[in-house]
>>> print(open('query.csv').read())   # CSV, C-alpha atoms
chain,number,residue,atom,x,y,z
A,1,MET,CA,110.8,96.3,92.3
A,2,PHE,CA,114.0,94.5,91.2
A,3,CYS,CA,115.0,97.4,89.0
A,4,TYR,CA,114.5,99.8,91.9
A,5,PHE,CA,116.9,97.8,94.1
A,6,LYS,CA,119.4,97.3,91.3
A,7,GLY,CA,119.3,100.9,90.4
A,8,GLU,CA,118.5,100.1,86.8
A,9,PRO,CA,115.7,101.5,84.5
A,10,ALA,CA,112.6,99.4,84.5
A,11,PHE,CA,112.1,97.1,81.6
A,12,LEU,CA,108.3,97.2,81.9
A,13,GLN,CA,106.1,100.2,81.3
A,14,TYR,CA,102.7,100.6,82.9
A,15,GLU,CA,99.8,102.7,81.5
A,16,ALA,CA,96.7,103.7,83.5
A,17,VAL,CA,93.5,102.7,81.8
A,18,THR,CA,91.3,104.3,84.4
A,19,GLN,CA,91.3,107.6,86.2
A,20,MET,CA,93.9,107.7,89.0
A,21,VAL,CA,96.1,109.9,91.1
A,22,LEU,CA,99.8,109.1,91.0
A,23,TYR,CA,102.4,110.2,93.5
A,24,SER,CA,106.1,109.9,93.0
A,25,ILE,CA,109.2,110.3,95.1
A,26,ARG,CA,112.8,110.2,94.2
A,27,LYS,CA,114.7,107.0,95.3
A,28,ASP,CA,117.2,109.0,97.4
A,29,ASP,CA,114.4,110.8,99.2
A,30,LEU,CA,112.5,107.6,99.9
A,31,GLU,CA,115.6,105.9,101.3
A,32,GLU,CA,116.3,108.9,103.5
A,33,LEU,CA,112.7,108.9,104.8
A,34,CYS,CA,113.1,105.2,105.5
A,35,ARG,CA,116.3,105.8,107.5
A,36,GLN,CA,114.6,108.5,109.5
A,37,ASN,CA,111.2,107.0,110.2
A,38,LEU,CA,110.5,103.4,111.2
A,39,ALA,CA,106.8,103.7,110.2
A,40,ILE,CA,107.7,104.7,106.6
A,41,SER,CA,110.3,102.1,106.5
A,42,ASN,CA,107.8,99.4,107.5
A,43,LEU,CA,105.2,100.8,105.0
A,44,PHE,CA,107.8,100.5,102.2
A,45,ARG,CA,108.7,97.0,103.3
A,46,THR,CA,105.0,96.0,103.2
A,47,ILE,CA,104.6,97.5,99.7
A,48,CYS,CA,107.7,95.5,98.5
A,49,ILE,CA,106.3,92.3,100.0
A,50,GLU,CA,102.9,92.9,98.4
A,51,GLU,CA,104.6,93.5,95.0
A,52,LEU,CA,106.6,90.3,95.3
A,53,TYR,CA,103.4,88.4,96.3
A,54,CYS,CA,101.6,89.8,93.2
A,55,LEU,CA,104.5,88.8,91.0
A,56,GLU,CA,104.6,85.3,92.4
A,57,ARG,CA,100.8,84.9,92.0
A,58,LYS,CA,101.0,86.1,88.4
A,59,CYS,CA,103.8,83.7,87.6
A,60,LYS,CA,101.9,80.8,89.0
A,61,ILE,CA,98.7,81.7,87.1
A,62,PHE,CA,100.4,82.4,83.8
A,63,GLY,CA,102.9,79.6,84.1
A,64,LYS,CA,100.5,76.7,83.9
A,65,ASP,CA,96.9,77.8,83.6
A,66,ASP,CA,94.9,78.0,80.3
A,67,ALA,CA,93.3,81.3,79.2
A,68,LEU,CA,89.9,80.4,80.8
A,69,SER,CA,91.6,79.7,84.2
A,70,ARG,CA,93.6,82.9,84.0
A,71,TYR,CA,90.4,84.9,83.2
A,72,ILE,CA,88.5,83.3,86.1
A,73,SER,CA,91.5,84.0,88.5
A,74,LEU,CA,91.6,87.6,87.3
A,75,ILE,CA,87.9,88.2,88.0
A,76,LYS,CA,88.1,86.5,91.3
A,77,VAL,CA,91.0,88.7,92.4
A,78,ARG,CA,89.7,91.9,90.8
A,79,PRO,CA,86.0,91.6,90.0
A,80,GLN,CA,85.6,95.3,89.2
A,81,ILE,CA,88.1,95.1,86.4
A,82,VAL,CA,85.6,94.0,83.7
A,83,LYS,CA,83.6,97.1,84.5
A,84,GLU,CA,86.5,99.6,84.5
A,85,VAL,CA,89.0,98.3,81.9
A,86,PRO,CA,88.4,98.0,78.2
A,87,LEU,CA,88.3,94.3,77.1
A,88,LYS,CA,91.2,94.9,74.7
A,89,HIS,CA,93.4,95.6,77.7
A,90,ILE,CA,92.1,92.6,79.6
A,91,ALA,CA,92.8,90.4,76.6
A,92,SER,CA,96.3,91.8,76.2
A,93,TYR,CA,97.0,91.2,79.9
A,94,LEU,CA,95.8,87.6,79.6
A,95,GLY,CA,97.9,87.0,76.5
A,96,ILE,CA,95.0,86.3,74.2
A,97,THR,CA,93.1,88.1,71.4
A,98,GLN,CA,90.0,90.1,72.1
A,99,GLN,CA,87.9,87.6,70.1
A,100,SER,CA,89.2,84.8,72.3
A,101,LEU,CA,88.3,86.7,75.4
A,102,SER,CA,84.8,87.3,74.0
A,103,ARG,CA,84.4,83.6,73.4
A,104,LEU,CA,85.6,82.8,76.9
A,105,ARG,CA,83.1,85.3,78.4
A,106,ALA,CA,80.3,83.8,76.3
A,107,SER,CA,81.1,80.3,77.4
A,108,ILE,CA,81.1,81.4,81.1
A,109,LYS,CA,77.7,83.0,80.6
A,110,ASN,CA,76.3,79.9,79.0
A,111,GLN,CA,77.3,77.6,81.8
>>> encode(input="query.csv", output="structure tokens")
Amino acid sequence: MFCYFKGEPAFLQYEAVTQMVLYSIRKDDLEELCRQNLAISNLFRTICIEELYCLERKCKIFGKDDALSRYISLIKVRPQIVKEVPLKHIASYLGITQQSLSRLRASIKNQ
């Protein structure tokens, strides 16, 4: 989102790990639509706010929590993720190895 507003290339790349449909629109076209249509402008504002909220939540979780807490937070927010996304991607997202994730999952099952 910051790169969008600064007009710079994004420094992060995203890769879909499940089937999805992706739509795109050029920045100039989106901004023109926002100028012309209040509903689209409000939708875009809502999307921006949600993106900032997600970033803040992620910073909070990753800034202080241990791997187990991060995993539990992830499955609370996105419970379907463990069914849809390969464990290697979940481990990478959490900043741990796949083996560590397996141990975390086993410890949760044993409790």
>>> residues_around(input="query.csv", residues="A:Tyr93", least_positions_apart="6", cutoff="12 Å", atoms="all atoms listed in the file", output="MDAnalysis selection string")
chainID A and resid 14:15 58 62 67 70:71 74 81 85:87 101
>>> atom_distance(input="query.csv", atom1="atom CA of A:Ser73", atom2="atom CA of A:Val17")
20.0 Å
>>> closest_residue(input="query.csv", among="A:Pro79, A:Leu68, A:Glu32, A:Met1", to="A:Ala106", atoms="only C-alpha atoms")
A:Leu68
>>> atom_distance(input="query.csv", atom1="atom CA of A:Ile47", atom2="atom CA of A:Lys60")
20.0 Å
>>> atom_distance(input="query.csv", atom1="atom CA of A:Ser41", atom2="atom CA of A:Gln13")
25.6 Å
>>> residues_around(input="query.csv", residues="stretch 3-12 of chain A", least_positions_apart="5", cutoff="12 Å", atoms="all atoms listed in the file", output="short mmCIF file (atom, residue, chain, number, x, y, z; two decimals) with C-alpha atoms, in the coordinates of the input")
data_model
loop_
_atom_site.label_atom_id
_atom_site.label_comp_id
_atom_site.auth_asym_id
_atom_site.auth_seq_id
_atom_site.Cartn_x
_atom_site.Cartn_y
_atom_site.Cartn_z
CA ARG A 26 112.80 110.20 94.20
CA LYS A 27 114.70 107.00 95.30
CA ASP A 28 117.20 109.00 97.40
CA LEU A 30 112.50 107.60 99.90
CA GLU A 31 115.60 105.90 101.30
CA CYS A 48 107.70 95.50 98.50
#
>>> closest_residue(input="query.csv", among="A:Cys34, A:Cys54, A:Ile72, A:Cys59", to="A:Arg105", atoms="all atoms listed in the file")
A:Ile72
>>> build_atoms(input="query.csv", residues="stretch 45-58 of chain A", atoms="N, CA, C and O atoms", output="short mmCIF file (atom, residue, chain, number, x, y, z; two decimals), in the frame of the given file")
data_model
loop_
_atom_site.label_atom_id
_atom_site.label_comp_id
_atom_site.auth_asym_id
_atom_site.auth_seq_id
_atom_site.Cartn_x
_atom_site.Cartn_y
_atom_site.Cartn_z
N ARG A 45 108.46 98.44 103.24
CA ARG A 45 108.70 97.00 103.30
C ARG A 45 107.42 96.24 102.95
O ARG A 45 107.42 95.27 102.17
N THR A 46 106.30 96.68 103.50
CA THR A 46 105.00 96.00 103.20
C THR A 46 104.66 96.15 101.74
O THR A 46 104.17 95.19 101.14
N ILE A 47 104.90 97.31 101.15
CA ILE A 47 104.60 97.50 99.70
C ILE A 47 105.51 96.55 98.89
O ILE A 47 105.03 95.93 97.93
N CYS A 48 106.77 96.42 99.26
CA CYS A 48 107.70 95.50 98.50
C CYS A 48 107.20 94.07 98.64
O CYS A 48 107.21 93.34 97.65
N ILE A 49 106.78 93.66 99.82
CA ILE A 49 106.30 92.30 100.00
C ILE A 49 105.04 92.05 99.18
O ILE A 49 104.91 91.00 98.53
N GLU A 50 104.13 93.01 99.16
CA GLU A 50 102.90 92.90 98.40
C GLU A 50 103.24 92.77 96.88
O GLU A 50 102.65 91.97 96.15
N GLU A 51 104.19 93.56 96.42
CA GLU A 51 104.60 93.50 95.00
C GLU A 51 105.18 92.15 94.67
O GLU A 51 104.86 91.57 93.62
N LEU A 52 106.00 91.60 95.54
CA LEU A 52 106.60 90.30 95.30
C LEU A 52 105.49 89.19 95.32
O LEU A 52 105.51 88.26 94.51
N TYR A 53 104.52 89.33 96.22
CA TYR A 53 103.40 88.40 96.30
C TYR A 53 102.61 88.42 94.97
O TYR A 53 102.27 87.38 94.40
N CYS A 54 102.31 89.63 94.48
CA CYS A 54 101.60 89.80 93.20
C CYS A 54 102.34 89.14 92.05
O CYS A 54 101.76 88.47 91.20
N LEU A 55 103.63 89.36 92.02
CA LEU A 55 104.50 88.80 91.00
C LEU A 55 104.46 87.26 91.03
O LEU A 55 104.31 86.58 90.01
N GLU A 56 104.57 86.72 92.22
CA GLU A 56 104.60 85.30 92.40
C GLU A 56 103.21 84.68 91.95
O GLU A 56 103.14 83.67 91.26
N ARG A 57 102.12 85.33 92.36
CA ARG A 57 100.80 84.90 92.00
C ARG A 57 100.61 84.91 90.47
O ARG A 57 100.10 83.97 89.86
N LYS A 58 101.08 85.99 89.85
CA LYS A 58 101.00 86.10 88.40
C LYS A 58 101.79 85.05 87.69
O LYS A 58 101.33 84.44 86.72
#
